[in-house]
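Everything below concerns the one structure shown next.
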Amino acid sequence: SMVFWQLRLPRAVIAILIGAALSVSGASYQGILRNPMVAPDILGASSGASLGAAIGILSGFHAFTIQIFAFICGLAAVGIAFFVSRSLQNGNRSSVLTLVLTGMVITSLFSAGISIIKYIGDPYDTLPALTFWLMGGLTYVKQIDMLILIIPFLGAMIPLMLIRWKMNILCFSDEEASSMGIDAKKTRGLIILLSTLLTCSSVAIGGMIGWVGLVIPHICRMMTGPDHKKLLPLSFLTGGVFLTVVDDVSRCVSSQELPLGVLTAIVGAPCFLYLLAKGKRGFL
């Protein structure tokens, strides 16, 4: 009973929530930015959360405080990218392109901060903990982590599901969206905020788990098409099932548990290459 309620069940629930959060945020980013190559961390959410966790680990904070630092820094990274892109925007440049390019710059900047912390950290204490966290995993999650994750998850997922029909309209130009009664800039900003909230909360609990938000939306799009009213619910289910299965494999494939981020990369990279090959025939 103790093993089930305190270890197995929280870990399974967290795997489902993180997989669903990353895949839904990836589908949302790809839709509103009109770019199928966009991942949830394109605006710096993952790198910002990683820097926050690195600062917390270097300072010797408690696990809960480390998660809070990761969450706040992830939101701060996207906020910086969003406001800098708006200040750089001009009439001859696409606002979406400016936002993506600014996010890439912010990601590089925060990644440099992570490298600095890894360089100055204690090689016998801080560096192993930071390296293990950056590889992603659910080895040490507890019931309290499930409660921490469920609040921002529901706070972001429910509004996204309610306004997912607006993402279909945002696939058009801002002028066409405005003619249909949608404020494109405000709606896009709201979706980015909600998607970032999902990504940061996932990274704060599970570390850097890549490829889920990039590959799963593509797989779901093959079954539903570009309609976000169907795409987001299917991404929710597929992402949750995918990460749960990968987490089970990480515990069972060898005598020592493998990092979750490593396995998602092993599975996701070949799948994405296959999708790129299909893209030559008009998929992407």
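Just so we're on the same page: first chain in the structure tokens is A, next is B, and so on; residues restart at 1 for each chain, and ligands are numbered from 1 in the order they show up.
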
Neighbour list for range 19-36 of chain A as a PyMOL selection string, cut-off 9 Å, only C-alpha atoms, skip fewer than 3 positions in-chain: chain A and resi 14-16+39-42+96-97+99-100+153+157+160+164+167-172+188+191-192+194-199+201-202+209-218+221+226+228+231-244+284

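Residues with any atom within 9 Å of Trp133 in chain A, counting only C-alpha atoms and excluding same-chain neighbours fewer than 3 positions away, are A:Ser50, A:Ala53, A:Ala54, A:Pro128, A:Ala129, A:Leu130, A:Gly136, A:Gly137, A:Gly206, A:Gly207, A:Met208, A:Pro259.
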
Exercise: Phe110 in chain A partners within 7 Å, only C-alpha atoms, chain neighbours under 5 positions left out, as a list in words: Ser47, Gly48 and Leu51 of chain A

Go ahead and write the selection's residues with C-alpha atoms as a PDB file, in the first residue's frame.
```pdb
ATOM      1  CA  SER A  47      16.438  27.062 -20.515  1.00  0.00           C
ATOM      2  CA  GLY A  48      15.063  29.651 -18.091  1.00  0.00           C
ATOM      3  CA  LEU A  51      18.863  28.186 -14.990  1.00  0.00           C
TER       4      LEU A  51
END
```

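Using only C-alpha atoms, the shortest contact distance between Val3 in chain A and any of A:Ser111, A:Ser87, A:Lys142, A:Met180 is found at A:Lys142.
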
Minimum-distance residue to Val38 in chain A, chosen among A:Val267, A:Met104, A:Ala177, A:Leu127 (using only C-alpha atoms):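 Counting only C-alpha atoms, the residue closest to Val38 in chain A is A:Met104.
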
Nearest-residue call for Met37 in chain A, choices A:Ala81, A:Ile55, A:Leu109, A:Leu273, using only C-alpha atoms: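 Of all the options, A:Leu273 lies closest to Met37 in chain A.
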
Residue nearest Ile72 in chain A among A:Ala49, A:Leu162, A:Gly121, A:Leu101 (counting only C-alpha atoms): A:Ala49

Best match for closeness to Ile116 in chain A among A:Glu175, A:Ser255, A:Leu58, A:Ser46, counting only C-alpha atoms: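 Answer, going by the shortest atom-to-atom distance: A:Leu58.
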
Expected answer as a ChimeraX atom specification: helix (DSSP H, G or I) residues in range 46-226 of chain A: /A:46-58,63-88,95-120,126-135,143-162,164-170,174-179,184-206,212-224

Residue contacts of Ala12 in chain A (9 Å, only C-alpha atoms) excluding same-chain residues fewer than 5 positions away, as a list of chain:residue names: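 Non-adjacent residues within range: A:Leu7, A:Leu17, A:Thr244, A:Asp247, A:Asp248.
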
Residues of the last selection are to be written out with N, CA, C and O atoms, as a PDB file, in the first residue's frame.
```pdb
ATOM      1  N   LEU A   7       4.610   6.111  -3.984  1.00  0.00           N
ATOM      2  CA  LEU A   7       5.658   6.058  -5.005  1.00  0.00           C
ATOM      3  C   LEU A   7       5.100   5.858  -6.412  1.00  0.00           C
ATOM      4  O   LEU A   7       5.276   6.702  -7.282  1.00  0.00           O
ATOM      5  N   LEU A  17       0.782  13.899 -16.560  1.00  0.00           N
ATOM      6  CA  LEU A  17       0.604  15.348 -16.592  1.00  0.00           C
ATOM      7  C   LEU A  17       1.710  16.035 -17.384  1.00  0.00           C
ATOM      8  O   LEU A  17       1.446  16.937 -18.191  1.00  0.00           O
ATOM      9  N   THR A 244       4.377   8.102 -20.081  1.00  0.00           N
ATOM     10  CA  THR A 244       4.202   7.031 -19.096  1.00  0.00           C
ATOM     11  C   THR A 244       4.909   5.760 -19.553  1.00  0.00           C
ATOM     12  O   THR A 244       5.586   5.094 -18.762  1.00  0.00           O
ATOM     13  N   ASP A 247       8.659   6.264 -19.329  1.00  0.00           N
ATOM     14  CA  ASP A 247       9.096   6.205 -17.925  1.00  0.00           C
ATOM     15  C   ASP A 247       9.162   4.766 -17.428  1.00  0.00           C
ATOM     16  O   ASP A 247      10.080   4.400 -16.695  1.00  0.00           O
ATOM     17  N   ASP A 248       8.205   3.937 -17.831  1.00  0.00           N
ATOM     18  CA  ASP A 248       8.258   2.518 -17.464  1.00  0.00           C
ATOM     19  C   ASP A 248       9.474   1.829 -18.072  1.00  0.00           C
ATOM     20  O   ASP A 248      10.147   1.020 -17.428  1.00  0.00           O
TER      21      ASP A 248
END
```

Of the listed residues A:Phe82, A:Phe71, A:Tyr119, A:Phe132, that which approaches Glu257 in chain A most closely, counting only C-alpha atoms: A:Phe132

Tell me which protein, DNA and RNA residues are within 12 Å of Thr65 in chain A, counting only C-alpha atoms, leaving out same-chain ones fewer than 3 positions away, and put them as a JSON list (two decimals) with C-alpha atoms, in the first residue's frame.
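Output file selection.json is given in full below:
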```json
[["chain", "number", "residue", "atom", "x", "y", "z"],
["A", 52, "GLY", "CA", 16.53, 28.72, -12.04],
["A", 53, "ALA", "CA", 17.03, 25.13, -10.92],
["A", 54, "ALA", "CA", 20.79, 25.48, -11.36],
["A", 55, "ILE", "CA", 20.81, 28.56, -9.13],
["A", 56, "GLY", "CA", 18.77, 26.71, -6.51],
["A", 57, "ILE", "CA", 21.04, 23.66, -6.59],
["A", 59, "SER", "CA", 22.72, 27.67, -3.39],
["A", 60, "GLY", "CA", 21.87, 24.43, -1.62],
["A", 61, "PHE", "CA", 18.14, 25.13, -1.41],
["A", 62, "HIS", "CA", 15.46, 22.57, -0.61],
["A", 68, "ILE", "CA", 9.89, 27.46, -7.38],
["A", 69, "PHE", "CA", 13.11, 29.03, -8.72],
["A", 70, "ALA", "CA", 12.82, 26.98, -11.92],
["A", 71, "PHE", "CA", 9.21, 27.97, -12.38],
["A", 72, "ILE", "CA", 9.83, 31.69, -11.87],
["A", 145, "ASP", "CA", 5.31, 17.21, -6.37],
["A", 148, "ILE", "CA", 2.58, 21.30, -6.92],
["A", 204, "ALA", "CA", 10.38, 22.42, -12.67],
["A", 205, "ILE", "CA", 9.22, 18.93, -11.64]]
```

Two-atom distance - CA of Thr264 in chain A, CA of Leu43 in chain A (Å):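 Computed distance, CA of Thr264 in chain A to CA of Leu43 in chain A, equals 20.5 Å.
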
d(CA of Leu75 in chain A, CA of Gly155 in chain A) in Å: 14.6 Å
